[in-house]
Amino acid sequence: MKLIPWAISTCCLLHISTAWSADDTALEHILVVDHVPAERNSVTDVNLESYSGFARLIDRSSFEHKFTDFAILLDQLPGIQIKQSGGLGAYNSVSVRGSTGKQVNIFLDGLLLNSPNSGTANINAIPAILIERIEAYPDFSPAQLGNANLAGAINFKTRDLKAEESGAHLQLAYGSFHTTHSELSGWSNIADWQLIGGISSTRSENNYAVDKDLFRTTSKTRKNDGYAQDSVFLKTGRSWENQRLSALLQYSDSTKELATSLNQQRDNAQLDNTSWRIQTLLDHTQGSISYGHRLFASREVDLYQDLNSTIGLGQDKIESDSTGVGLFNVANYCTDYHELLASIEFRQDDIDQHDLLAQKKRLSATRDSTIIALGDSWDIAPAWRLSTTYRHYLISDAVSVTNQQTDSSADISEPSLQIGSRWQISPALTFKSNIGQLLRIPSLSEKFGARGLYEGSPELRHEQALTLEAGIEWKIDALSGSATSYVRQVDDGIVTIFDSRGVGKPQNIAQSQLTGVEFDLTWTPLVGVDISANSTLLDSENQSDIAGARGQKLPGIYHQSHGVAATLYNEKTRLSVSYQYHNELYYNAANSVEADAKNELSASISHKWRRYTVDLSALNLRDENFLDLNRFPTPGRSLMATLSIDL
């Protein structure tokens with residue numbers, strides 16, 4: 001795909017581009033908005049008033065008085081699907097507009113969480129106590145995030161520093177499947193420094209009932225799906241006349257039992273994870289120029305144990321130690337008609353993998369990344385803004401596979417370009433459109449193998465996609481909403497082919513096209529009454545040359561998703577009811593095995609009395625096991641009681 005045709009094609013889209021302003025009234029249910037005040041805490045924050053893409057936000061007010069599972073929250077957004085392999089803490093695959101999980105970047109305050117080895121990120125490792133809001137950017141990632149991916153980004157923003165008097169908050173929760181949760185947070189001002197910190201602990205046996213026909217065993221409850229996580233964070237900052245310094249430290253330790261598709265008593269595989277991250281951000285403003293410098297470091301240690309050979313091809317006890325360090329620099333310059341942005345990110349990721357049973361190193365890998373981004377938002381006319389973002393990726397990989405006595409290296413230099421426009425037709429109506437060539441760099445495990453279950457393909461090319469979107473958003477009195485259409489043509493898609501030994505090898509053999517439409521609507525007919533609805537319809541086509549797959553729909557994604565929610569509230573009490581419907585998911589490329597439709601009815605009620613807030617939530621009231629991932633059921637009905645106390 002060439003760059004020149006994009007610019008020509010974009011001219012055809014400039015008059016069908018979009019945006020919408022929604023007020024930012026805090027609601028107890030999920031608050032989806034596309035507007036925030038122009039004032040930002042940092043130059044690295046995304047200014048949605050100039051961003052030409054379609055952004056969805058989930059505000060902290062949607063979950064701060066409840067026990068929170070981010071997978072459930074994200075799954076209710078238009079265009080986003082979360083497929084789960086079990087109960088709380090289980091593996092989640094985040095799909096945006098029909099993508100795979102590896103095609104979506106997950107950020108924490110702009111720090112990329114996707115592992116260079118696996119290509120994915122674990123959203124379960126992000127404690128809810130840490131988060132202020134969630135920003136979802138389908139397909140097109142803002143230039144402020146630096147690194148981009150083929151299907152967009154989800155950015156978890158940490159809690160704002162408190163400028164008011166000191167305070168604290170305690171939350172305790174207990175629910176189905178012996179789930180417990182506790183968290184304590186506090187904030188204060190000490191010698192002109194603002195501090196906020198918190199600690200949380202979550203446990204769940206995940207011993208939920210399963211349909212008797214799902215497994216061949218006699219067991220009627222899920223085996224080996226327990227989860228435990230402890231987290232702590234501290235954020236501090238201080239402002240001077242024209243600059244701001246902030247620092248964030250986050251640590252988590254978790255243990256996840258790994259359930260299997262057989263649900264046997266002997267299952268005992270588990271994954272232990274310990275991670276910490278630290279990043280500092282210095283913002284400086286001088287006239288019309290703003291600078292931001294982020295220094296970050298992270299370490300993550302995984303211990304994978306399968307001593308009974310319940311998952312892989314043999315006994316395993318493998319420790320993976322991943323470290324990452326980097327520097328992200330960004331500058332923003334505003335004129336009367338232009339908002340210019342330039343950023344450069346340097347990052348080094350190192351991975352060492354040891355076989356603790358054989359007592360030897362299996363793999364040592366290093367990925368050096370340099371990502372340059374240039375952006376311009378140009379006010380062509382009072383109501384028309386044109387935005388361009390150009391990125392260039394310079395990736396260098398070096399891998400030593402000890403058990404194969406081989407050394408490999410690869411260098412990648414690839415561009416990416418996106419062009420968008422925003423046309424404010426009236427105060428109530430806005431159009432947006434975007435077009436771009438997007439890409440995904442293969443993960444290290446895809447290129448060089450992993451755990452003996454995958455053979456590497458060092459010659460693997462990056463996935464690339466030509467993506468177009470156009471839509472309209474409006475706000476008229478008590479009614480607001482949006483309608484968006486999009487097309488994504490993927491070339492050199494990576495598919496893992498398994499041989500007779502059960503060993504997989506990634507290959508560039510997939511081509512596909514996906515088209516879709518998204519709708520969402522919010523209506524406030526009366527004070528204290530909110531009604532919302534959304535719908536996503538996808539049509540996909542597998543265009544690869546694999547016999548039996550060509551012409552079929554892409555597996556692993558729901559092609560229909562619909563949701564509706566209603567909230568009644570006053571100063572003290574809130575009642576919410578929501579319904580989600582997903583359908584047309586195929587487990588295999590030949591579309592010969594289709595999943596059952598997913599129907600979820602949930603409700604919650606909360607009441608505040610002085611310093612106390614009590615919330616009672618019920619999920620999946622219809623009490624059904626759903627199989628987002630083939631033969632891995634999710635829990636049925638679950639109840640959770642949460643007590644929050646302002647100390």
# chains A, B, ... in the order shown; residues from 1 in each chain; ligands from 1
call {"tool": "residues_around", "arguments": {"residues": "Ser606 in chain A", "least_positions_apart": "5", "cutoff": "8 Å", "atoms": "only C-alpha atoms", "output": "PyMOL selection string"}}
result
chain A and resi 573-575+613-616
call {"tool": "write_last_selection", "arguments": {"atoms": "C-alpha atoms", "output": "mmCIF file, in the first residue's frame"}}
result
data_model
loop_
_atom_site.group_PDB
_atom_site.id
_atom_site.type_symbol
_atom_site.label_atom_id
_atom_site.label_comp_id
_atom_site.auth_asym_id
_atom_site.auth_seq_id
_atom_site.Cartn_x
_atom_site.Cartn_y
_atom_site.Cartn_z
ATOM 1 C CA THR A 573 -29.955 6.503 45.554
ATOM 2 C CA ARG A 574 -29.144 5.069 42.132
ATOM 3 C CA LEU A 575 -30.783 2.169 40.302
ATOM 4 C CA THR A 613 -22.299 4.114 50.312
ATOM 5 C CA VAL A 614 -23.680 0.602 49.873
ATOM 6 C CA ASP A 615 -23.916 -0.987 46.435
ATOM 7 C CA LEU A 616 -25.578 -4.290 45.498
#
call {"tool": "residues_around", "arguments": {"residues": "Ser166 in chain A", "least_positions_apart": "5", "cutoff": "7 Å", "atoms": "only C-alpha atoms", "output": "list in words"}}
result
Trp187, Ser188 and Asn189 of chain A
call {"tool": "closest_atom_pairs", "arguments": {"of": "range 145-200 of chain A", "to": "range 377-390 of chain A", "cutoff": "12 Å", "atoms": "only C-alpha atoms", "output": "JSON lines"}}
result
{"residue": "A:Leu145", "atom": "CA", "partner": "A:Thr389", "partner_atom": "CA", "distance": 11.4}
{"residue": "A:Gly146", "atom": "CA", "partner": "A:Thr389", "partner_atom": "CA", "distance": 10.2}
{"residue": "A:Asn147", "atom": "CA", "partner": "A:Tyr390", "partner_atom": "CA", "distance": 11.2}
{"residue": "A:Ala148", "atom": "CA", "partner": "A:Tyr390", "partner_atom": "CA", "distance": 10.6}
call {"tool": "write_last_selection", "arguments": {"atoms": "N, CA and C atoms", "output": "PDB file, in the first residue's frame"}}
result
ATOM      1  N   LEU A 145       0.172   9.538  22.076  1.00  0.00           N
ATOM      2  CA  LEU A 145       0.500   8.218  22.603  1.00  0.00           C
ATOM      3  C   LEU A 145       1.756   7.629  21.962  1.00  0.00           C
ATOM      4  N   GLY A 146       2.268   8.286  20.927  1.00  0.00           N
ATOM      5  CA  GLY A 146       3.499   7.799  20.301  1.00  0.00           C
ATOM      6  C   GLY A 146       3.254   6.505  19.553  1.00  0.00           C
ATOM      7  N   ASN A 147       3.403   5.378  20.227  1.00  0.00           N
ATOM      8  CA  ASN A 147       3.240   4.065  19.610  1.00  0.00           C
ATOM      9  C   ASN A 147       1.788   3.851  19.201  1.00  0.00           C
ATOM     10  N   ALA A 148       1.578   3.319  18.007  1.00  0.00           N
ATOM     11  CA  ALA A 148       0.236   3.031  17.512  1.00  0.00           C
ATOM     12  C   ALA A 148       0.159   1.568  17.106  1.00  0.00           C
TER      13      ALA A 148
END
call {"tool": "closest_residue", "arguments": {"among": "A:Leu195, A:Ser141, A:Leu150, A:Ala259", "to": "Ala373 in chain A", "atoms": "only C-alpha atoms"}}
result
A:Ser141
call {"tool": "closest_atom_pairs", "arguments": {"of": "range 301-331 of chain A", "to": "range 42-64 of chain A", "cutoff": "12 Å", "atoms": "only C-alpha atoms", "output": "tab-separated table"}}
result
residue	atom	partner	partner_atom	distance
A:Phe328	CA	A:Thr44	CA	9.6
A:Asn329	CA	A:Thr44	CA	9.1
A:Val330	CA	A:Thr44	CA	7.1
A:Ala331	CA	A:Val43	CA	7.6
call {"tool": "residues_around", "arguments": {"residues": "Val301 in chain A", "least_positions_apart": "4", "cutoff": "12 Å", "atoms": "only C-alpha atoms", "output": "VMD selection string"}}
result
chain A and resid 115 251 to 255 271 to 276 318 to 324 350 to 354
call {"tool": "write_last_selection", "arguments": {"atoms": "N, CA, C and O atoms", "output": "compact mmCIF listing (two decimals), in the first residue's frame"}}
result
# COMPACT_ATOMS: atom_id res chain seq x y z
N SER A 115 3.26 -6.60 25.98
CA SER A 115 4.55 -7.27 26.07
C SER A 115 5.17 -7.40 24.69
O SER A 115 4.50 -7.84 23.74
N TYR A 251 2.85 -1.19 41.74
CA TYR A 251 3.34 -2.55 41.96
C TYR A 251 2.14 -3.49 42.09
O TYR A 251 1.12 -3.15 42.70
N SER A 252 2.25 -4.68 41.51
CA SER A 252 1.19 -5.67 41.66
C SER A 252 1.80 -7.07 41.69
O SER A 252 2.85 -7.32 41.09
N ASP A 253 1.12 -7.95 42.41
CA ASP A 253 1.54 -9.35 42.52
C ASP A 253 0.28 -10.20 42.42
O ASP A 253 -0.69 -9.98 43.15
N SER A 254 0.27 -11.15 41.49
CA SER A 254 -0.93 -11.94 41.27
C SER A 254 -0.59 -13.41 41.03
O SER A 254 0.51 -13.75 40.59
N THR A 255 -1.58 -14.26 41.33
CA THR A 255 -1.51 -15.69 41.05
C THR A 255 -2.81 -16.08 40.36
O THR A 255 -3.90 -15.81 40.87
N LEU A 271 -0.16 -19.40 36.73
CA LEU A 271 0.75 -18.35 36.30
C LEU A 271 0.87 -17.33 37.41
O LEU A 271 -0.12 -16.71 37.82
N ASP A 272 2.08 -17.15 37.93
CA ASP A 272 2.37 -16.13 38.94
C ASP A 272 3.01 -14.94 38.24
O ASP A 272 3.91 -15.10 37.40
N ASN A 273 2.56 -13.74 38.60
CA ASN A 273 3.06 -12.54 37.95
C ASN A 273 3.38 -11.48 38.99
O ASN A 273 2.58 -11.20 39.88
N THR A 274 4.56 -10.91 38.88
CA THR A 274 4.96 -9.78 39.71
C THR A 274 5.42 -8.66 38.79
O THR A 274 6.25 -8.90 37.90
N SER A 275 4.88 -7.47 38.97
CA SER A 275 5.27 -6.37 38.09
C SER A 275 5.35 -5.07 38.87
O SER A 275 4.65 -4.87 39.86
N TRP A 276 6.25 -4.22 38.42
CA TRP A 276 6.30 -2.86 38.95
C TRP A 276 6.63 -1.91 37.80
O TRP A 276 7.30 -2.27 36.84
N ILE A 318 8.55 -22.49 33.78
CA ILE A 318 9.32 -21.52 33.01
C ILE A 318 9.17 -20.14 33.64
O ILE A 318 8.04 -19.68 33.90
N GLU A 319 10.28 -19.49 33.85
CA GLU A 319 10.30 -18.13 34.38
C GLU A 319 10.72 -17.17 33.28
O GLU A 319 11.75 -17.36 32.63
N SER A 320 9.90 -16.13 33.09
CA SER A 320 10.20 -15.10 32.10
C SER A 320 10.38 -13.77 32.82
O SER A 320 9.49 -13.33 33.56
N ASP A 321 11.51 -13.15 32.61
CA ASP A 321 11.85 -11.88 33.25
C ASP A 321 11.96 -10.81 32.17
O ASP A 321 12.85 -10.87 31.32
N SER A 322 11.05 -9.85 32.20
CA SER A 322 11.01 -8.79 31.18
C SER A 322 11.26 -7.44 31.83
O SER A 322 10.62 -7.10 32.83
N THR A 323 12.17 -6.66 31.26
CA THR A 323 12.44 -5.31 31.74
C THR A 323 12.34 -4.34 30.58
O THR A 323 12.65 -4.67 29.43
N GLY A 324 11.88 -3.15 30.88
CA GLY A 324 11.77 -2.12 29.86
C GLY A 324 12.14 -0.76 30.43
O GLY A 324 11.76 -0.42 31.54
N ASP A 350 14.08 -6.02 27.33
CA ASP A 350 14.91 -7.23 27.44
C ASP A 350 14.10 -8.35 28.06
O ASP A 350 13.37 -8.14 29.04
N ILE A 351 14.23 -9.55 27.52
CA ILE A 351 13.49 -10.71 28.00
C ILE A 351 14.46 -11.87 28.18
O ILE A 351 15.21 -12.22 27.26
N ASP A 352 14.45 -12.44 29.37
CA ASP A 352 15.22 -13.66 29.66
C ASP A 352 14.25 -14.73 30.12
O ASP A 352 13.43 -14.50 31.01
N GLN A 353 14.36 -15.89 29.52
CA GLN A 353 13.45 -16.99 29.83
C GLN A 353 14.26 -18.21 30.28
O GLN A 353 15.17 -18.64 29.57
N HIS A 354 13.92 -18.76 31.46
CA HIS A 354 14.65 -19.89 32.03
C HIS A 354 13.72 -21.08 32.20
O HIS A 354 12.57 -20.94 32.63
call {"tool": "residues_around", "arguments": {"residues": "range 183-186 of chain A", "least_positions_apart": "2", "cutoff": "7 Å", "atoms": "only C-alpha atoms", "output": "list in words"}}
result
Gly167, Ala168, His169, Leu170, Gln171, Leu172, His181, Ile196, Gly197, Gly198, Ile199, Ser200 and Ser201 of chain A
call {"tool": "write_last_selection", "arguments": {"atoms": "N, CA and C atoms", "output": "mmCIF file, in the first residue's frame"}}
result
data_model
loop_
_atom_site.group_PDB
_atom_site.id
_atom_site.type_symbol
_atom_site.label_atom_id
_atom_site.label_comp_id
_atom_site.auth_asym_id
_atom_site.auth_seq_id
_atom_site.Cartn_x
_atom_site.Cartn_y
_atom_site.Cartn_z
ATOM 1 N N GLY A 167 -7.655 13.427 52.853
ATOM 2 C CA GLY A 167 -8.794 12.539 53.016
ATOM 3 C C GLY A 167 -8.405 11.109 52.711
ATOM 4 N N ALA A 168 -9.363 10.199 52.926
ATOM 5 C CA ALA A 168 -9.115 8.778 52.677
ATOM 6 C C ALA A 168 -10.429 8.101 52.333
ATOM 7 N N HIS A 169 -10.304 6.941 51.691
ATOM 8 C CA HIS A 169 -11.487 6.199 51.242
ATOM 9 C C HIS A 169 -11.226 4.709 51.431
ATOM 10 N N LEU A 170 -12.179 4.023 52.041
ATOM 11 C CA LEU A 170 -12.084 2.580 52.279
ATOM 12 C C LEU A 170 -13.222 1.882 51.564
ATOM 13 N N GLN A 171 -12.899 0.759 50.897
ATOM 14 C CA GLN A 171 -13.919 -0.020 50.201
ATOM 15 C C GLN A 171 -13.740 -1.499 50.521
ATOM 16 N N LEU A 172 -14.864 -2.160 50.854
ATOM 17 C CA LEU A 172 -14.875 -3.585 51.165
ATOM 18 C C LEU A 172 -15.982 -4.238 50.345
ATOM 19 N N HIS A 181 -12.831 -8.419 48.188
ATOM 20 C CA HIS A 181 -12.041 -7.296 47.690
ATOM 21 C C HIS A 181 -11.983 -6.221 48.762
ATOM 22 N N ILE A 196 -1.167 11.078 46.338
ATOM 23 C CA ILE A 196 -2.309 10.175 46.400
ATOM 24 C C ILE A 196 -1.767 8.757 46.261
ATOM 25 N N GLY A 197 -2.269 7.884 47.111
ATOM 26 C CA GLY A 197 -1.791 6.506 47.089
ATOM 27 C C GLY A 197 -2.887 5.550 47.484
ATOM 28 N N GLY A 198 -2.648 4.281 47.248
ATOM 29 C CA GLY A 198 -3.656 3.294 47.596
ATOM 30 C C GLY A 198 -3.113 1.886 47.580
ATOM 31 N N ILE A 199 -3.831 0.991 48.222
ATOM 32 C CA ILE A 199 -3.475 -0.420 48.277
ATOM 33 C C ILE A 199 -4.763 -1.217 48.135
ATOM 34 N N SER A 200 -4.705 -2.334 47.408
ATOM 35 C CA SER A 200 -5.905 -3.143 47.201
ATOM 36 C C SER A 200 -5.541 -4.620 47.197
ATOM 37 N N SER A 201 -6.533 -5.448 47.522
ATOM 38 C CA SER A 201 -6.354 -6.900 47.551
ATOM 39 C C SER A 201 -7.643 -7.552 47.047
#
call {"tool": "decode", "arguments": {"residues": "range 314-358 of chain A", "atoms": "C-alpha atoms", "output": "CSV table (one decimal), in the first residue's frame"}}
result
chain,number,residue,atom,x,y,z
A,314,GLY,CA,5.0,-31.7,28.5
A,315,GLN,CA,5.9,-30.6,32.0
A,316,ASP,CA,6.8,-26.9,32.3
A,317,LYS,CA,8.2,-24.6,34.9
A,318,ILE,CA,9.3,-21.5,33.0
A,319,GLU,CA,10.3,-18.1,34.4
A,320,SER,CA,10.2,-15.1,32.1
A,321,ASP,CA,11.9,-11.9,33.3
A,322,SER,CA,11.0,-8.8,31.2
A,323,THR,CA,12.4,-5.3,31.7
A,324,GLY,CA,11.8,-2.1,29.9
A,325,VAL,CA,13.3,1.4,30.0
A,326,GLY,CA,12.7,4.4,27.9
A,327,LEU,CA,12.3,8.1,27.3
A,328,PHE,CA,9.4,9.8,25.6
A,329,ASN,CA,9.8,13.4,24.5
A,330,VAL,CA,7.0,15.5,23.1
A,331,ALA,CA,6.6,19.1,22.0
A,332,ASN,CA,3.5,21.1,21.2
A,333,TYR,CA,3.4,24.4,19.4
A,334,CYS,CA,0.2,26.4,18.8
A,335,THR,CA,-0.3,29.2,16.3
A,336,ASP,CA,-3.5,31.0,15.2
A,337,TYR,CA,-4.4,28.2,12.8
A,338,HIS,CA,-2.1,25.2,13.6
A,339,GLU,CA,-1.4,22.9,16.5
A,340,LEU,CA,1.9,21.2,15.7
A,341,LEU,CA,3.1,18.2,17.7
A,342,ALA,CA,6.4,16.2,17.5
A,343,SER,CA,7.4,13.3,19.6
A,344,ILE,CA,10.2,10.8,19.8
A,345,GLU,CA,10.3,7.7,22.0
A,346,PHE,CA,13.3,5.5,22.8
A,347,ARG,CA,12.7,2.2,24.4
A,348,GLN,CA,14.6,-1.0,25.2
A,349,ASP,CA,12.9,-4.2,26.2
A,350,ASP,CA,14.9,-7.2,27.4
A,351,ILE,CA,13.5,-10.7,28.0
A,352,ASP,CA,15.2,-13.7,29.7
A,353,GLN,CA,13.4,-17.0,29.8
A,354,HIS,CA,14.7,-19.9,32.0
A,355,ASP,CA,13.5,-23.5,32.2
A,356,LEU,CA,13.6,-24.2,35.9
A,357,LEU,CA,13.1,-27.9,35.5
A,358,ALA,CA,16.0,-28.3,33.1
